[in-house]
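Structure, as structure tokens:
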Amino acid sequence: MQIIRISPRGFGANTYVITNDNKEAIVIDPAQKRIEGELLKLGITAKYVLLTHCHFDHVGGVSTLQEAGAKVLCSAKEKPLIGSIADLFDAFGAPRENFYVDETLGDGEKRTLCGIDVEVILTPGHTSGGACYLMTDTDGKKYLFTGDTLFAGSIGRTDFPTGDIGELRASLRKLSKLDGDIAVYPGHEEETTIERERKTNPFMTDL
């Protein structure tokens with residue numbers, strides 16, 4: 001399993017391309033329209049788009065990938081927020097992206113996408129339907145994509161529509177109980193691990 005991070009140009013989130021064969025991929029949070037061009041350079045086709053949440057800086061490239069044939073998935077609780085004030089397009093004056101959700105996902109649901117085992121972990125707090133995705137490689141190694149729930153040394157904001165600090169703390173407790181030193185790929189900034197965050201992140205050490 002290969003993980004390719006595409007860092008944003010200007011304001012935006014990290015986009016992650018996950019592939020087993022360097023041909024077809026899961027794309028997590030395609031933040032900008034240029035993601036389609038980056039995939040073309042790599043020779044990779046996006047088969048699935050997984051959204052951690054609907055904020056504008058995470059979904060700017062969804063429509064172009066959907067038009068090219070990718071299926072868009074997010075949590076069932078996040079779907080109603082798409083196209084509402086909670087997606088923050090209007091709040092930040094960003095040009096609105098129009099896309100639809102092909103399938104919704106529930107907490108604990110497991111899927112095999114592009115030959116990759118994916119488990120959905122519902123983590124409300126940054127938004128009411130935010131989700132993390134736990135992926136397992138063929139050798140059993142696990143990788144967690146946390147969106148804006150958990151960063152290296154910090155957490156996502158809770159002062160946007162549907163944000164809730166109590167829910168976010170409960171979500172962090174859920175993540176802190178995951179077994180093993182799992183690699184963490186957040187929506188912004190650099191990668192980290194669950195073990196490191198359990199020990200050093202001030203928002204997790206007091207859970």
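Following the order of the structure tokens, chains are lettered A, B, ..., residues in each are numbered from 1, and ligands are numbered from 1.
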
Give me, as a list in words, all polymer residues having an atom no more than 9 Å from Gly69 of chain A, counting only C-alpha atoms and skipping those fewer than 5 positions away in the same chain.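 The contact residues come out as Thr45, Ala46, Lys47, Tyr48 and Thr64 of chain A.
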
Near-segment 195-199 of chain A list (10 Å; only C-alpha atoms; drop same-chain fewer than 4 positions) as number ranges by chain: A: 150-154, 172-173, 175-184, 203-207

If you count only C-alpha atoms, which residues fall within 9 Å of His126 of chain A, apart from same-chain ones fewer than 4 positions away, as a list in words?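 These residues fall inside the cut-off: His53, Gly130, Asp148, Thr149, Ile155, Gly156, Arg157, Thr158, Asp159, Phe160, Pro161, Thr162, Gly163, Asp164, Ile165, Glu167 and Leu168 of chain A.
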
Pick out the residues sitting within 9 Å of Leu50 of chain A, and hand them over as a ChimeraX atom specification; count only C-alpha atoms, and ignore anything fewer than 6 positions along from it in its own chain. /A:26-30,71-74,133

Judged by only C-alpha atoms, the minimum distance to Gly140 of chain A among A:Leu88, A:Glu191, A:Ile116, A:Leu40 is found for A:Ile116

Counting only C-alpha atoms, which of A:Asp57, A:Thr104, A:Asn201, A:Leu51 gets nearest to Cys132 of chain A?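 Distance minimum relative to Cys132 of chain A lands on A:Leu51.
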
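The residue that comes closest to Ala25 of chain A, out of A:Ser7, A:Ser128, A:Thr112, A:Thr123 and on the basis of only C-alpha atoms, is A:Thr112.
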
Closest to Ile82 of chain A among A:Ile35, A:Gly61, A:Gly129, A:Gly108, using only C-alpha atoms?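 Once distances to Ile82 of chain A are computed over only C-alpha atoms, the minimum belongs to A:Gly129.
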
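Backbone DSSP over segment 17-134 of chain A yields helix (DSSP H, G or I) at Arg34, Ile35, Glu36, Gly37, Glu38, Leu39, Leu40, Lys41, Leu42, Phe56, Asp57, His58, Val59, Val62, Ser63, Thr64, Leu65, Gln66, Glu67, Lys79, Pro80, Leu81, Ile85, Ala86 and Asp87 of chain A.
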
So, with only C-alpha atoms as the atoms that count, which of A:Leu65, A:Thr52, A:Pro186, A:Met1 lies closest to Asp21 of chain A?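 Result for the nearest residue to Asp21 of chain A: A:Met1.
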
I'd like the contact shell of Leu105 of chain A - 10 Å cut-off, only C-alpha atoms, skipping same-chain residues fewer than 3 positions apart - returned as a PDB file with C-alpha atoms, in the first residue's frame.
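The new file around_19.pdb reads:
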ATOM      1  CA  LEU A  50     -13.536   9.551   1.174  1.00  0.00           C
ATOM      2  CA  LEU A  73     -18.423   8.597   0.344  1.00  0.00           C
ATOM      3  CA  CYS A  74     -18.798  10.221   3.754  1.00  0.00           C
ATOM      4  CA  SER A  75     -20.471   9.476   7.066  1.00  0.00           C
ATOM      5  CA  ALA A  76     -24.250   9.403   7.123  1.00  0.00           C
ATOM      6  CA  LYS A  77     -24.214  12.151   9.759  1.00  0.00           C
ATOM      7  CA  GLU A  78     -22.030  14.448   7.654  1.00  0.00           C
ATOM      8  CA  LYS A  79     -24.034  14.171   4.449  1.00  0.00           C
ATOM      9  CA  GLY A 108     -17.445   0.891  12.664  1.00  0.00           C
ATOM     10  CA  GLU A 109     -18.369   0.014   9.088  1.00  0.00           C
ATOM     11  CA  LYS A 110     -15.712  -1.887   7.172  1.00  0.00           C
ATOM     12  CA  ARG A 111     -15.193  -1.761   3.430  1.00  0.00           C
ATOM     13  CA  GLU A 119     -12.694   0.942   8.794  1.00  0.00           C
ATOM     14  CA  VAL A 120     -14.844   3.990   9.509  1.00  0.00           C
ATOM     15  CA  ILE A 121     -14.454   5.654  12.909  1.00  0.00           C
ATOM     16  CA  LEU A 122     -17.069   8.326  13.540  1.00  0.00           C
ATOM     17  CA  ALA A 131     -15.024  10.630  10.486  1.00  0.00           C
TER      18      ALA A 131
END

Residues within 12 Å of Ile85 of chain A, only C-alpha atoms, excluding chain neighbours under 2 positions, as a list in words: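 The contact residues come out as Cys54, His55, Phe56, Pro80, Leu81, Ile82, Gly83, Asp87, Leu88, Phe89, Asp90, Ala91, Phe92, Gly93, Arg96, Thr127, Phe160, Pro161 and Thr162 of chain A.
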